[in-house]
Amino acid sequence: MSGFSQAYATKTLEHVSGKKELAKPTMWLALLTVVPTNASTGATITEATYTGYLRKEVPASVLNSAVAGTPSSINNKEAFTFAACTGGSSTIIAWAACDSSETAKGNVIMWGTAASTVISTTQTPASIAAEVLSLTLV
Amino acid sequence: MFASDTERRVLGHLPVWTADEDAFIQAELDGGAAQSIRSYTLAELTARLLGDGSIPPRTEEQVSVFLEGLESKGFAENADGWRMTEAGLAALSEPALAEHEQTSGPVQIGIGG
């Protein structure tokens, strides 16, 4: 399960139709304990609360080129690791790619579900393996 | 707290509880959404859960059993549709595994589950 937010769906449609330029965003991956909706924003998603949690930058340089298919997709060619948990814990069930580095700020670009994963002072740091974060478009 | 991971995830798919409903809705409208989703019918939630690869496909009847269980725990309520309660949000924030059940060291997150 993954998809564009309504905010970025409209921006994308306006961009590809030549209606309005969409500035190239920097993606920051947020880890969530509640699954978002297409209406969610960076302020209304429910992010991990463990001590040390920060959104993780996903620069364009760690992404492969998009691949045509059904759906077409783009994924990460390198693994990336979140900051270590130094207190508390969170059970992650979803993710959101946001256009702001700050927790509770910005827009959601895309979102999706994740396998239930406990992040704690024992199970840390959390990482996402290469070619696992796949953003898709039908 | 949760009888199963599926029960946790069913709750996690419900619209999140917020102390300020009006501000939450306004934030989503200001963010570009046409409408803020604040509850689901049983049919809507069942359809949504079918998109979650970490939950085996469930019928409306089966999802209803999960919702009734969550309601009996005070984690969800049905008021013009199903939604999360404050206790439900707190439960999602509680540790899911005791320390002795955890594996020491790095943990990989499975995306798309």
# chains A, B, ... in the order shown; residues from 1 in each chain; ligands from 1
$ select_by_dssp --residues "chain A" --states "strand (DSSP E or B)" --output "PyMOL selection string"
chain A and resi 2-4+27-32+47+51+56-58+63+67+72-76+80-81+87+89-98+108-120+123-128+134-137
$ closest_atom_pairs --of "chain B" --to "chain A" --cutoff "8 Å" --atoms "only C-alpha atoms" --output "Markdown table"
| residue | atom | partner | partner_atom | distance |
| --- | --- | --- | --- | --- |
| B:Asp5 | CA | A:Ser116 | CA | 7.6 |
| B:Arg9 | CA | A:Ile93 | CA | 7.2 |
| B:Gly12 | CA | A:Val34 | CA | 4.6 |
| B:His13 | CA | A:Val35 | CA | 5.2 |
| B:Leu14 | CA | A:Val35 | CA | 7.8 |
| B:Pro15 | CA | A:Pro36 | CA | 7.9 |
| B:Val16 | CA | A:Val34 | CA | 7.0 |
| B:Phe24 | CA | A:Thr44 | CA | 6.7 |
| B:Ala27 | CA | A:Ala43 | CA | 7.3 |
| B:Glu28 | CA | A:Ala39 | CA | 6.0 |
| B:Leu29 | CA | A:Ala39 | CA | 7.9 |
| B:Gly31 | CA | A:Thr41 | CA | 6.1 |
| B:Gly32 | CA | A:Ala7 | CA | 4.6 |
| B:Ala33 | CA | A:Ala39 | CA | 5.0 |
| B:Ala34 | CA | A:Ala39 | CA | 7.5 |
| B:Gln35 | CA | A:Ala39 | CA | 6.8 |
| B:Ser36 | CA | A:Ala39 | CA | 5.8 |
| B:Ile37 | CA | A:Ala39 | CA | 7.0 |
| B:Gly51 | CA | A:Met1 | CA | 4.9 |
| B:Asp52 | CA | A:Met1 | CA | 5.4 |
| B:Gly53 | CA | A:Met1 | CA | 7.0 |
| B:Ser54 | CA | A:Ala115 | CA | 5.9 |
| B:Leu92 | CA | A:Thr33 | CA | 6.8 |
| B:Ser93 | CA | A:Ser90 | CA | 6.3 |
| B:Glu94 | CA | A:Ser90 | CA | 7.4 |
| B:Pro95 | CA | A:Ser89 | CA | 6.1 |
| B:Ala96 | CA | A:Thr91 | CA | 6.5 |
| B:Leu97 | CA | A:Val118 | CA | 7.4 |
| B:Glu99 | CA | A:Thr122 | CA | 7.2 |
| B:Gln102 | CA | A:Gln123 | CA | 6.6 |
| B:Thr103 | CA | A:Gln123 | CA | 5.9 |
| B:Ser104 | CA | A:Thr122 | CA | 4.9 |
| B:Gly105 | CA | A:Gln123 | CA | 5.1 |
| B:Pro106 | CA | A:Thr124 | CA | 4.6 |
| B:Val107 | CA | A:Ala126 | CA | 4.9 |
| B:Gln108 | CA | A:Ser127 | CA | 4.9 |
| B:Ile109 | CA | A:Ile128 | CA | 5.4 |
| B:Gly110 | CA | A:Ala115 | CA | 5.1 |
| B:Ile111 | CA | A:Ala114 | CA | 4.3 |
| B:Gly112 | CA | A:Ala114 | CA | 5.0 |
| B:Gly113 | CA | A:Ala115 | CA | 4.3 |
$ atom_distance --atom1 "CA of Leu63 (chain A)" --atom2 "CA of Ala96 (chain A)"
16.2 Å
$ closest_residue --among "B:Ala79, B:Ala87, B:Val10, B:Ile55" --to "Leu67 (chain B)" --atoms "only C-alpha atoms"
B:Val10
$ closest_residue --among "A:Ser17, A:Ala130, A:Leu22, A:Trp28" --to "Met110 (chain A)" --atoms "only C-alpha atoms"
A:Trp28
$ residues_around --residues "Lys73 (chain B)" --least-positions-apart "6" --cutoff "12 Å" --atoms "only C-alpha atoms" --output "PyMOL selection string"
chain B and resi 1-3+7+11+66-67+84-88+91
